[in-house]
Structure formats: C-alpha cells, structure tokens
$ cat data-v9.cif   # mmCIF, C-alpha atoms and all ligand atoms
data_model
#
loop_
_atom_site.group_PDB
_atom_site.id
_atom_site.type_symbol
_atom_site.label_atom_id
_atom_site.label_comp_id
_atom_site.auth_asym_id
_atom_site.auth_seq_id
_atom_site.Cartn_x
_atom_site.Cartn_y
_atom_site.Cartn_z
ATOM 1 C CA MET A 861 6.967 -27.304 59.076
ATOM 2 C CA SER A 862 5.754 -30.215 61.124
ATOM 3 C CA ALA A 863 7.653 -33.519 60.890
ATOM 4 C CA ARG A 864 6.457 -36.379 58.731
ATOM 5 C CA ILE A 865 5.020 -39.029 61.038
ATOM 6 C CA ILE A 866 6.347 -42.484 60.271
ATOM 7 C CA ASP A 867 3.374 -44.822 60.408
ATOM 8 C CA GLY A 868 4.871 -47.979 61.893
ATOM 9 C CA ALA A 869 1.481 -49.619 62.285
ATOM 10 C CA GLY A 870 0.657 -49.142 58.594
ATOM 11 C CA LEU A 871 4.079 -50.298 57.432
ATOM 12 C CA ALA A 872 3.916 -53.345 59.712
ATOM 13 C CA ALA A 873 0.492 -54.270 58.311
ATOM 14 C CA ARG A 874 1.810 -54.049 54.730
ATOM 15 C CA LEU A 875 4.859 -56.154 55.594
ATOM 16 C CA ARG A 876 2.736 -58.737 57.378
ATOM 17 C CA ALA A 877 0.508 -59.112 54.318
ATOM 18 C CA GLY A 878 3.649 -59.928 52.305
ATOM 19 C CA TYR A 879 4.827 -62.420 54.943
ATOM 20 C CA ARG A 880 1.436 -64.115 54.743
ATOM 21 C CA GLU A 881 1.977 -64.715 51.033
ATOM 22 C CA ARG A 882 5.481 -66.099 51.589
ATOM 23 C CA ALA A 883 4.179 -68.307 54.424
ATOM 24 C CA ALA A 884 1.486 -69.695 52.118
ATOM 25 C CA VAL A 885 4.149 -70.662 49.559
ATOM 26 C CA LEU A 886 6.137 -72.472 52.252
ATOM 27 C CA ALA A 887 3.017 -74.124 53.665
ATOM 28 C CA ALA A 888 2.216 -75.485 50.203
ATOM 29 C CA GLN A 889 5.672 -77.113 50.262
ATOM 30 C CA GLY A 890 4.970 -78.619 53.708
ATOM 31 C CA ARG A 891 7.147 -76.076 55.506
ATOM 32 C CA ARG A 892 4.616 -73.782 57.233
ATOM 33 C CA PRO A 893 6.675 -71.379 59.383
ATOM 34 C CA GLY A 894 6.311 -72.251 63.068
ATOM 35 C CA LEU A 895 7.027 -70.097 66.126
ATOM 36 C CA ALA A 896 7.077 -71.355 69.710
ATOM 37 C CA VAL A 897 6.678 -68.807 72.468
ATOM 38 C CA ILE A 898 7.487 -69.785 76.030
ATOM 39 C CA ILE A 899 6.233 -67.680 78.908
ATOM 40 C CA VAL A 900 7.065 -68.487 82.513
ATOM 41 C CA GLY A 901 4.924 -66.988 85.282
ATOM 42 C CA ASP A 902 2.113 -64.482 85.087
ATOM 43 C CA ASN A 903 3.660 -61.064 84.427
ATOM 44 C CA PRO A 904 0.621 -59.202 82.989
ATOM 45 C CA ALA A 905 2.608 -57.093 80.491
ATOM 46 C CA SER A 906 4.438 -60.199 79.225
ATOM 47 C CA ARG A 907 1.117 -61.962 78.763
ATOM 48 C CA VAL A 908 -0.149 -59.127 76.568
ATOM 49 C CA TYR A 909 3.057 -59.148 74.461
ATOM 50 C CA VAL A 910 2.915 -62.912 74.063
ATOM 51 C CA ARG A 911 -0.739 -62.860 73.081
ATOM 52 C CA ASN A 912 -0.007 -60.206 70.437
ATOM 53 C CA LYS A 913 2.863 -62.253 69.022
ATOM 54 C CA VAL A 914 0.778 -65.417 68.815
ATOM 55 C CA ARG A 915 -2.113 -63.532 67.196
ATOM 56 C CA ALA A 916 0.241 -61.980 64.634
ATOM 57 C CA CYS A 917 1.541 -65.455 63.773
ATOM 58 C CA GLU A 918 -1.951 -66.798 63.271
ATOM 59 C CA GLU A 919 -2.955 -63.859 61.085
ATOM 60 C CA ALA A 920 0.082 -64.452 58.893
ATOM 61 C CA GLY A 921 -0.781 -68.129 58.506
ATOM 62 C CA PHE A 922 2.141 -69.327 60.635
ATOM 63 C CA HIS A 923 1.920 -72.254 62.996
ATOM 64 C CA SER A 924 2.274 -70.995 66.567
ATOM 65 C CA ARG A 925 2.722 -72.820 69.812
ATOM 66 C CA LEU A 926 2.251 -71.007 73.113
ATOM 67 C CA ILE A 927 3.831 -72.757 76.077
ATOM 68 C CA GLU A 928 2.714 -71.302 79.394
ATOM 69 C CA LEU A 929 4.682 -72.528 82.380
ATOM 70 C CA PRO A 930 4.108 -71.801 86.067
ATOM 71 C CA ALA A 931 6.320 -69.283 87.878
ATOM 72 C CA ALA A 932 7.882 -72.122 89.901
ATOM 73 C CA THR A 933 9.227 -73.903 86.779
ATOM 74 C CA THR A 934 12.792 -75.085 87.368
ATOM 75 C CA GLU A 935 15.626 -74.225 85.037
ATOM 76 C CA ALA A 936 16.065 -77.922 84.225
ATOM 77 C CA ASP A 937 12.405 -78.138 83.158
ATOM 78 C CA LEU A 938 12.677 -75.064 81.004
ATOM 79 C CA LEU A 939 15.918 -76.217 79.374
ATOM 80 C CA GLY A 940 14.250 -79.565 78.700
ATOM 81 C CA ARG A 941 11.367 -77.838 76.912
ATOM 82 C CA LEU A 942 13.808 -75.826 74.839
ATOM 83 C CA ALA A 943 15.710 -78.964 73.863
ATOM 84 C CA GLU A 944 12.447 -80.514 72.620
ATOM 85 C CA LEU A 945 11.623 -77.409 70.592
ATOM 86 C CA ASN A 946 15.163 -77.265 69.174
ATOM 87 C CA ALA A 947 14.613 -80.786 67.823
ATOM 88 C CA ASP A 948 11.063 -80.179 66.543
ATOM 89 C CA PRO A 949 10.971 -79.762 62.737
ATOM 90 C CA ALA A 950 7.583 -77.958 62.869
ATOM 91 C CA ILE A 951 9.166 -75.162 64.922
ATOM 92 C CA HIS A 952 11.493 -72.737 63.111
ATOM 93 C CA GLY A 953 11.635 -69.989 65.701
ATOM 94 C CA ILE A 954 11.710 -70.085 69.502
ATOM 95 C CA LEU A 955 11.447 -67.245 71.918
ATOM 96 C CA ALA A 956 11.501 -67.172 75.686
ATOM 97 C CA GLN A 957 9.569 -64.102 76.799
ATOM 98 C CA LEU A 958 11.627 -61.853 79.082
ATOM 99 C CA PRO A 959 11.787 -61.070 81.910
ATOM 100 C CA LEU A 960 11.974 -64.567 83.370
ATOM 101 C CA PRO A 961 11.323 -65.119 87.095
ATOM 102 C CA ALA A 962 14.374 -64.218 89.187
ATOM 103 C CA HIS A 963 15.366 -67.844 89.962
ATOM 104 C CA LEU A 964 15.957 -68.531 86.256
ATOM 105 C CA ASP A 965 19.195 -67.438 84.581
ATOM 106 C CA SER A 966 18.073 -65.591 81.428
ATOM 107 C CA ALA A 967 21.490 -65.839 79.780
ATOM 108 C CA ARG A 968 21.608 -69.640 80.234
ATOM 109 C CA VAL A 969 18.052 -69.958 78.961
ATOM 110 C CA ILE A 970 18.709 -67.885 75.843
ATOM 111 C CA GLU A 971 21.927 -69.789 75.132
ATOM 112 C CA ALA A 972 19.884 -73.012 75.217
ATOM 113 C CA ILE A 973 17.914 -71.926 72.131
ATOM 114 C CA ALA A 974 19.459 -73.271 68.919
ATOM 115 C CA PRO A 975 21.023 -70.255 67.141
ATOM 116 C CA GLU A 976 19.236 -71.172 63.890
ATOM 117 C CA LYS A 977 15.909 -70.831 65.773
ATOM 118 C CA ASP A 978 16.871 -67.694 67.743
ATOM 119 C CA VAL A 979 14.345 -65.389 66.069
ATOM 120 C CA ASP A 980 14.567 -62.812 68.886
ATOM 121 C CA GLY A 981 18.254 -62.416 68.011
ATOM 122 C CA PHE A 982 19.380 -62.467 71.665
ATOM 123 C CA HIS A 983 21.715 -65.510 71.549
ATOM 124 C CA VAL A 984 25.449 -64.701 71.718
ATOM 125 C CA ALA A 985 25.817 -66.371 68.315
ATOM 126 C CA SER A 986 23.292 -63.901 66.876
ATOM 127 C CA ALA A 987 25.007 -60.994 68.635
ATOM 128 C CA GLY A 988 28.368 -62.177 67.294
ATOM 129 C CA ALA A 989 26.993 -62.494 63.766
ATOM 130 C CA LEU A 990 25.631 -58.971 63.953
ATOM 131 C CA MET A 991 28.928 -57.670 65.311
ATOM 132 C CA THR A 992 30.953 -59.283 62.533
ATOM 133 C CA GLY A 993 28.465 -58.781 59.684
ATOM 134 C CA LEU A 994 27.738 -62.491 59.209
ATOM 135 C CA PRO A 995 24.220 -63.698 58.385
ATOM 136 C CA GLY A 996 22.047 -64.174 61.456
ATOM 137 C CA PHE A 997 19.004 -62.816 63.217
ATOM 138 C CA ALA A 998 19.095 -59.169 64.255
ATOM 139 C CA PRO A 999 17.016 -58.317 67.330
ATOM 140 C CA CYS A 1000 13.506 -57.383 66.237
ATOM 141 C CA THR A 1001 13.176 -53.839 67.601
ATOM 142 C CA PRO A 1002 16.318 -52.384 65.989
ATOM 143 C CA ALA A 1003 15.625 -54.388 62.823
ATOM 144 C CA GLY A 1004 12.190 -52.757 62.784
ATOM 145 C CA VAL A 1005 13.769 -49.319 63.039
ATOM 146 C CA MET A 1006 16.020 -50.075 60.052
ATOM 147 C CA ALA A 1007 12.979 -51.243 58.069
ATOM 148 C CA MET A 1008 11.220 -47.961 58.889
ATOM 149 C CA LEU A 1009 14.214 -45.924 57.693
ATOM 150 C CA ALA A 1010 14.330 -47.963 54.489
ATOM 151 C CA ALA A 1011 10.605 -47.504 53.885
ATOM 152 C CA GLU A 1012 10.990 -43.730 54.307
ATOM 153 C CA GLY A 1013 13.957 -43.658 51.923
ATOM 154 C CA ILE A 1014 16.280 -42.452 54.693
ATOM 155 C CA ASP A 1015 19.806 -43.620 53.912
ATOM 156 C CA ALA A 1016 21.925 -43.784 57.069
ATOM 157 C CA ALA A 1017 25.188 -43.781 55.071
ATOM 158 C CA GLY A 1018 27.232 -40.686 55.791
ATOM 159 C CA ARG A 1019 24.800 -39.509 58.493
ATOM 160 C CA HIS A 1020 25.478 -39.035 62.166
ATOM 161 C CA ALA A 1021 23.247 -41.391 64.143
ATOM 162 C CA VAL A 1022 22.929 -40.969 67.897
ATOM 163 C CA VAL A 1023 21.464 -43.848 69.886
ATOM 164 C CA VAL A 1024 20.405 -43.123 73.450
ATOM 165 C CA GLY A 1025 20.459 -46.408 75.393
ATOM 166 C CA ARG A 1026 22.958 -49.263 75.376
ATOM 167 C CA SER A 1027 20.942 -52.357 76.261
ATOM 168 C CA ASN A 1028 21.772 -55.668 74.596
ATOM 169 C CA ILE A 1029 18.302 -55.922 73.083
ATOM 170 C CA VAL A 1030 17.861 -52.404 71.708
ATOM 171 C CA GLY A 1031 20.636 -49.817 72.052
ATOM 172 C CA LYS A 1032 23.745 -51.859 71.170
ATOM 173 C CA PRO A 1033 22.265 -53.807 68.226
ATOM 174 C CA MET A 1034 20.665 -50.566 66.981
ATOM 175 C CA ALA A 1035 24.072 -48.906 66.942
ATOM 176 C CA LEU A 1036 25.615 -51.875 65.097
ATOM 177 C CA LEU A 1037 22.889 -51.913 62.430
ATOM 178 C CA LEU A 1038 23.291 -48.174 61.843
ATOM 179 C CA LEU A 1039 27.061 -48.614 61.681
ATOM 180 C CA GLN A 1040 26.624 -51.421 59.166
ATOM 181 C CA ALA A 1041 24.414 -49.087 57.121
ATOM 182 C CA GLY A 1042 27.254 -46.567 56.923
ATOM 183 C CA ALA A 1043 26.299 -44.102 59.662
ATOM 184 C CA THR A 1044 28.769 -42.528 62.051
ATOM 185 C CA VAL A 1045 27.346 -43.681 65.356
ATOM 186 C CA THR A 1046 27.420 -42.236 68.851
ATOM 187 C CA ILE A 1047 25.981 -44.263 71.721
ATOM 188 C CA CYS A 1048 24.758 -42.348 74.785
ATOM 189 C CA HIS A 1049 23.680 -43.714 78.156
ATOM 190 C CA SER A 1050 23.072 -42.718 81.756
ATOM 191 C CA ARG A 1051 26.743 -41.719 82.239
ATOM 192 C CA THR A 1052 26.883 -39.442 79.186
ATOM 193 C CA PRO A 1053 27.713 -35.979 80.621
ATOM 194 C CA ASP A 1054 25.878 -33.629 78.221
ATOM 195 C CA LEU A 1055 23.206 -35.635 76.483
ATOM 196 C CA ALA A 1056 21.633 -32.666 74.695
ATOM 197 C CA ALA A 1057 24.983 -31.684 73.141
ATOM 198 C CA MET A 1058 25.176 -35.184 71.646
ATOM 199 C CA THR A 1059 21.577 -35.510 70.499
ATOM 200 C CA ARG A 1060 21.679 -32.087 68.811
ATOM 201 C CA GLN A 1061 24.306 -33.482 66.423
ATOM 202 C CA ALA A 1062 22.088 -36.320 65.284
ATOM 203 C CA ASP A 1063 20.736 -36.607 61.749
ATOM 204 C CA ILE A 1064 19.113 -39.805 63.001
ATOM 205 C CA LEU A 1065 18.228 -39.889 66.698
ATOM 206 C CA VAL A 1066 17.048 -43.112 68.319
ATOM 207 C CA ALA A 1067 15.727 -42.892 71.879
ATOM 208 C CA ALA A 1068 15.690 -46.257 73.662
ATOM 209 C CA VAL A 1069 15.747 -45.341 77.330
ATOM 210 C CA GLY A 1070 12.406 -45.874 79.043
ATOM 211 C CA ARG A 1071 11.887 -42.336 80.382
ATOM 212 C CA ALA A 1072 8.841 -40.360 79.324
ATOM 213 C CA LYS A 1073 9.644 -37.091 77.517
ATOM 214 C CA LEU A 1074 13.409 -37.368 78.029
ATOM 215 C CA VAL A 1075 14.025 -35.996 74.531
ATOM 216 C CA THR A 1076 12.771 -32.419 74.328
ATOM 217 C CA ALA A 1077 12.604 -30.091 71.318
ATOM 218 C CA ASP A 1078 15.805 -28.220 72.242
ATOM 219 C CA MET A 1079 17.718 -31.548 72.041
ATOM 220 C CA VAL A 1080 16.823 -32.156 68.395
ATOM 221 C CA LYS A 1081 18.575 -30.885 65.269
ATOM 222 C CA PRO A 1082 16.134 -29.265 62.820
ATOM 223 C CA SER A 1083 14.925 -31.779 60.192
ATOM 224 C CA ALA A 1084 16.418 -34.791 62.009
ATOM 225 C CA CYS A 1085 14.773 -38.196 61.915
ATOM 226 C CA VAL A 1086 13.630 -39.010 65.461
ATOM 227 C CA ILE A 1087 12.845 -42.621 66.291
ATOM 228 C CA ASP A 1088 11.141 -43.244 69.611
ATOM 229 C CA VAL A 1089 11.591 -46.785 70.923
ATOM 230 C CA GLY A 1090 10.504 -46.007 74.495
ATOM 231 C CA MET A 1091 7.340 -47.435 75.977
ATOM 232 C CA ASN A 1092 6.321 -45.650 79.134
ATOM 233 C CA ARG A 1093 3.182 -44.588 80.956
ATOM 234 C CA ASP A 1094 2.562 -40.888 81.530
ATOM 235 C CA ALA A 1095 1.013 -39.456 84.723
ATOM 236 C CA ALA A 1096 -2.461 -40.236 83.352
ATOM 237 C CA GLY A 1097 -1.469 -43.853 82.637
ATOM 238 C CA ARG A 1098 -1.373 -43.389 78.856
ATOM 239 C CA LEU A 1099 1.270 -45.133 76.768
ATOM 240 C CA CYS A 1100 3.990 -42.699 75.680
ATOM 241 C CA GLY A 1101 7.530 -42.792 74.357
ATOM 242 C CA ASP A 1102 10.841 -41.209 75.374
ATOM 243 C CA VAL A 1103 10.268 -38.216 73.091
ATOM 244 C CA ASP A 1104 8.182 -35.160 73.940
ATOM 245 C CA PHE A 1105 6.154 -35.747 70.796
ATOM 246 C CA GLU A 1106 4.247 -32.534 70.030
ATOM 247 C CA PRO A 1107 7.093 -29.995 70.497
ATOM 248 C CA VAL A 1108 9.697 -32.300 68.885
ATOM 249 C CA ARG A 1109 7.388 -32.796 65.929
ATOM 250 C CA GLU A 1110 7.716 -29.061 65.165
ATOM 251 C CA VAL A 1111 11.534 -29.357 64.883
ATOM 252 C CA ALA A 1112 12.176 -32.809 63.415
ATOM 253 C CA GLY A 1113 11.893 -33.879 59.776
ATOM 254 C CA TRP A 1114 10.504 -37.313 60.649
ATOM 255 C CA ILE A 1115 9.164 -38.705 63.905
ATOM 256 C CA THR A 1116 7.675 -41.998 65.065
ATOM 257 C CA PRO A 1117 4.564 -41.952 67.267
ATOM 258 C CA VAL A 1118 3.985 -44.022 70.408
ATOM 259 C CA PRO A 1119 1.862 -46.047 70.123
ATOM 260 C CA GLY A 1120 1.816 -46.976 66.437
ATOM 261 C CA GLY A 1121 5.505 -46.497 65.654
ATOM 262 C CA VAL A 1122 8.305 -48.900 66.574
ATOM 263 C CA GLY A 1123 6.095 -51.305 68.605
ATOM 264 C CA PRO A 1124 4.183 -52.851 65.669
ATOM 265 C CA MET A 1125 7.427 -53.089 63.683
ATOM 266 C CA THR A 1126 8.976 -55.238 66.429
ATOM 267 C CA ILE A 1127 6.285 -57.881 65.951
ATOM 268 C CA ALA A 1128 6.561 -57.653 62.158
ATOM 269 C CA MET A 1129 10.314 -58.350 62.407
ATOM 270 C CA LEU A 1130 9.665 -61.359 64.636
ATOM 271 C CA LEU A 1131 7.540 -62.773 61.816
ATOM 272 C CA ALA A 1132 10.223 -61.828 59.284
ATOM 273 C CA ASN A 1133 12.889 -63.677 61.288
ATOM 274 C CA THR A 1134 10.651 -66.745 61.694
ATOM 275 C CA LEU A 1135 9.952 -66.752 57.973
ATOM 276 C CA LYS A 1136 13.673 -66.453 57.255
ATOM 277 C CA ALA A 1137 14.347 -69.405 59.591
ATOM 278 C CA ALA A 1138 11.698 -71.503 57.823
ATOM 279 C CA GLU A 1139 12.948 -70.539 54.357
ATOM 280 C CA ARG A 1140 16.436 -71.731 55.312
ATOM 281 C CA THR A 1141 15.221 -75.246 56.163
HETATM 282 P P1 LIG B 1201 17.063 -50.794 79.477
HETATM 283 O O1 LIG B 1201 16.512 -50.305 80.775
HETATM 284 O O2 LIG B 1201 17.703 -52.117 79.401
HETATM 285 O O3 LIG B 1201 18.110 -49.716 78.938
HETATM 286 C C1 LIG B 1201 17.889 -48.343 79.057
HETATM 287 C C2 LIG B 1201 19.103 -47.590 78.607
HETATM 288 O O4 LIG B 1201 18.854 -46.191 78.772
HETATM 289 C C3 LIG B 1201 20.359 -47.906 79.412
HETATM 290 O O5 LIG B 1201 21.439 -48.083 78.538
HETATM 291 C C4 LIG B 1201 20.543 -46.676 80.288
HETATM 292 O O6 LIG B 1201 21.893 -46.347 80.537
HETATM 293 C C5 LIG B 1201 19.958 -45.596 79.421
HETATM 294 N N1 LIG B 1201 19.512 -44.444 80.218
HETATM 295 C C6 LIG B 1201 18.767 -44.476 81.354
HETATM 296 N N2 LIG B 1201 18.560 -43.211 81.789
HETATM 297 C C7 LIG B 1201 19.189 -42.392 80.928
HETATM 298 C C8 LIG B 1201 19.338 -40.987 80.859
HETATM 299 N N3 LIG B 1201 18.795 -40.170 81.757
HETATM 300 N N4 LIG B 1201 20.059 -40.477 79.845
HETATM 301 C C9 LIG B 1201 20.621 -41.281 78.921
HETATM 302 N N5 LIG B 1201 20.501 -42.644 78.926
HETATM 303 C C10 LIG B 1201 19.795 -43.178 79.929
HETATM 304 O O7 LIG B 1201 15.843 -50.672 78.437
HETATM 305 P P2 LIG B 1201 15.616 -51.366 77.013
HETATM 306 O O8 LIG B 1201 16.739 -51.062 76.097
HETATM 307 O O9 LIG B 1201 15.176 -52.755 77.196
HETATM 308 O O10 LIG B 1201 14.326 -50.558 76.538
HETATM 309 C C11 LIG B 1201 14.367 -49.157 76.357
HETATM 310 C C12 LIG B 1201 12.946 -48.653 76.141
HETATM 311 O O11 LIG B 1201 12.431 -49.226 74.960
HETATM 312 C C13 LIG B 1201 11.947 -49.034 77.237
HETATM 313 O O12 LIG B 1201 10.998 -48.005 77.362
HETATM 314 C C14 LIG B 1201 11.282 -50.270 76.697
HETATM 315 O O13 LIG B 1201 9.984 -50.451 77.212
HETATM 316 C C15 LIG B 1201 11.230 -49.924 75.236
HETATM 317 N N6 LIG B 1201 11.161 -51.075 74.336
HETATM 318 C C16 LIG B 1201 10.282 -50.982 73.318
HETATM 319 C C17 LIG B 1201 10.174 -52.000 72.425
HETATM 320 C C18 LIG B 1201 9.211 -51.844 71.310
HETATM 321 O O14 LIG B 1201 8.888 -52.823 70.661
HETATM 322 N N7 LIG B 1201 8.736 -50.623 71.026
HETATM 323 C C19 LIG B 1201 10.962 -53.233 72.553
HETATM 324 C C20 LIG B 1201 11.953 -53.190 73.603
HETATM 325 C C21 LIG B 1201 12.012 -52.139 74.468
HETATM 326 P P3 LIG B 1201 22.878 -47.309 81.414
HETATM 327 O O15 LIG B 1201 23.216 -48.452 80.523
HETATM 328 O O16 LIG B 1201 24.035 -46.413 81.709
HETATM 329 O O17 LIG B 1201 22.093 -47.709 82.617
#
$ encode --input "data-v9.cif" --output "structure tokens"
Amino acid sequence: MSARIIDGAGLAARLRAGYRERAAVLAAQGRRPGLAVIIVGDNPASRVYVRNKVRACEEAGFHSRLIELPAATTEADLLGRLAELNADPAIHGILAQLPLPAHLDSARVIEAIAPEKDVDGFHVASAGALMTGLPGFAPCTPAGVMAMLAAEGIDAAGRHAVVVGRSNIVGKPMALLLLQAGATVTICHSRTPDLAAMTRQADILVAAVGRAKLVTADMVKPSACVIDVGMNRDAAGRLCGDVDFEPVREVAGWITPVPGGVGPMTIAMLLANTLKAAERT
C-alpha cells in the first residue's frame, strides 16, 4: 500500500489560521506580535525566503519589519541595528537571514540577538535550552517536523529515529527534539560508513542532507515515517527533496512531499515562535 502523504502545506495553513486568532487577541491588548527580518545583500534565494516570511506575518495579522541592507554593510552597522531591535518593544522576534556575506561573522551576529527575541532558535542560549530541556525557541524546521508527527498521531516514544544530517539548524536540533520525545536516536552524516544499514532501522527517518534522491526505496523500512527536509533542484530545475519520492512512497507508511511538506511548516513555526515571544511580554 502506498504511504500516507503528510500535507505540510495544509497543516501549516490550519496552524496559521489559529495563530491569526491568537495574534488578534494580543493586538486587542496592544501587544500585536512583531517580527523583524534583516537581510544583507542580494542573494536571490534569501530574498524569496524573506519575502515569504514577511507575507506570512502580514497574513497572520502580525507586525513585520523588513530591513534590507547593502552587501557592503559592516558588522558594526549590523550589530547596531540588532541592538535597536533588541530594545524595540514593538518587535518580539528578530531574525537575520542566512547566509550572510562572507565578511560578516554569522555566529557573532546571531549572538547579538537577544535570546528572548531569537525566534529562529539559532542563538547558543536557545541551543543550550534545547539541549537541557529548558523553555526556549526550537529551530523552526525541526519544530515543524515535530508538529507534523503530532498532527499525524505519530508518537516518537519508544521508536528508533534516524536523522541524516548534523547541521546546527536542522540535523542536531532535530535529533534533540526526537530524543526529548522519547525516541532512540541515531544521527548519520557524511562520515557514516553504511548509511543504508542505519536508515533501514528507522521507524522515523528524517533526511536533512541537501542531495536529491539520496534516500532510495531499499534504504527504508516498510511502514516507516519518512520526513524529507531537503530542498534541491533536479536535472530539470524542479524543486525536489532528499528522498526518491515515488519508489519510497511504495515502501513507507508516511512520507512528506517536496514541495508542500516541511517547507511550509518552517514558516508556520517561525510565526509560532514569534507569537510565543509576544505572549511572554
Ligand atoms: P548542511 O549542508 O549544513 O548539512 C548537511 C548535512 O548532511 C551534513 O551534516 C552532512 O554531513 C550531511 N551529508 C552530506 N552528504 C551526506 C551523505 N552522502 N550521506 C550522509 N550525510 C551526508 O545543510 P542543512 O542542514 O542546512 O540543510 C539540509 C537540507 O535541508 C538542504 O537541502 C536545505 O536546503 C534543506 N533545508 C530545508 C528547510 C526547509 O524549510 N524545508 C530549512 C533548512 C534547510 P557532514 O556534517 O559530515 O558534512
């Protein structure tokens, strides 16, 4: 039987409608949630992401502020802008769109965002909170994956979850969230000797690599839940994930499509984190 397709776009739309209602309640109390997005330079992909984030904010009735800075912006300038936003009561969430131009130190820039406004969840304070189970902001993409599992009634407790990818923004926080949810977690990466032997053990398999069709049907346990975080272009230039969708769909129990799977959930979680930040004020 073919896998159930997890409709991330539909789930994200339902969640966003709920966030709109919560934002309206806050706005009525004079606390409309506000997100500031800083983009430096003119990376075309980043511009598209930023535009989508700002549009999502507007649709949910949030206040949004887009700050577009030239590629030659100095680190001192950027840190100055962040300091202003940290002190601005109308702004509850701040994100600096990555990647930044090479002359800017991303780590220093992210550390300059106040942890209580770090709605991307990339600050070391957020990472530390996630690691130790304290309240904080989880990075949006893995948080979106957990929301998808919850919506599908998939309980990670007692399951073997295999995460392929160990980046700070997806793979590692994904593994920590699954661990927190009670899964036994294996993290794989480019130095893992026999990837297929690992992935075949997964009840929940998360691919966060950035290689089209890396995960093939023979690498998937029958009835597993396969979550595809990857965003790649195939030979024809079409957006595709890390999972060879059609054949894997015939083996898996659940599968996320690309596009329309994890991507929309990432933006929904950014709104959720911004709302959470505003509700705490
Ligand atoms: P990174 O490039 O930072 O990390 C990729 C990871 O994959 C690394 O840990 C790397 O291992 C591992 N890897 C590379 N090749 C292999 C291989 N052959 N076998 C096993 N592991 C391998 O990427 P990100 O984590 O930032 O993003 C991953 C993917 O998710 C990308 O396609 C990105 O576009 C997408 N993405 C999607 C989002 C969404 O909203 N849908 C949001 C964020 C990212 P090593 O550490 O050893 O180098």
$ closest_residue --input "data-v9.cif" --among "A:Ala950, A:Ala869, A:Leu964, A:Ala1035" --to "Arg892 of chain A" --atoms "all atoms listed in the file"
A:Ala950
$ residues_near_ligand --input "data-v9.cif" --ligand "ligand LIG 1201 (chain B)" --cutoff "6 Å" --atoms "only C-alpha atoms and all ligand atoms" --output "VMD selection string"
chain A and resid 1001 1024 to 1027 1029 to 1031 1048 to 1051 1068 to 1070 1089 to 1092 1122 to 1123 1126
$ atom_distance --input "data-v9.cif" --atom1 "atom CA of Ile1014 of chain A" --atom2 "atom CA of Ala1072 of chain A"
25.8 Å
$ closest_residue --input "data-v9.cif" --among "A:Asp978, A:Ala920, A:Ala1041, A:Asp1078" --to "Ala1057 of chain A" --atoms "only C-alpha atoms"
A:Asp1078
$ residues_around --input "data-v9.cif" --residues "Asp965 of chain A" --least-positions-apart "4" --cutoff "12 Å" --atoms "only C-alpha atoms" --output "ChimeraX atom specification"
/A:934-936,938-939,956,958-961,969-972
$ resolve_selection --input "data-v9.cif" --expression "the PyMOL selection byres (((chain A and resi 902) around 9) and not hetatm)" --output "PyMOL selection string"
chain A and resi 899-901+903-907+928-931
$ residues_around --input "data-v9.cif" --residues "Met1006 of chain A" --least-positions-apart "5" --cutoff "10 Å" --atoms "only C-alpha atoms" --output "JSON, numbers by chain"
{"A": [1000, 1001, 1011, 1012, 1014, 1015, 1016, 1034, 1037, 1038, 1041, 1125]}
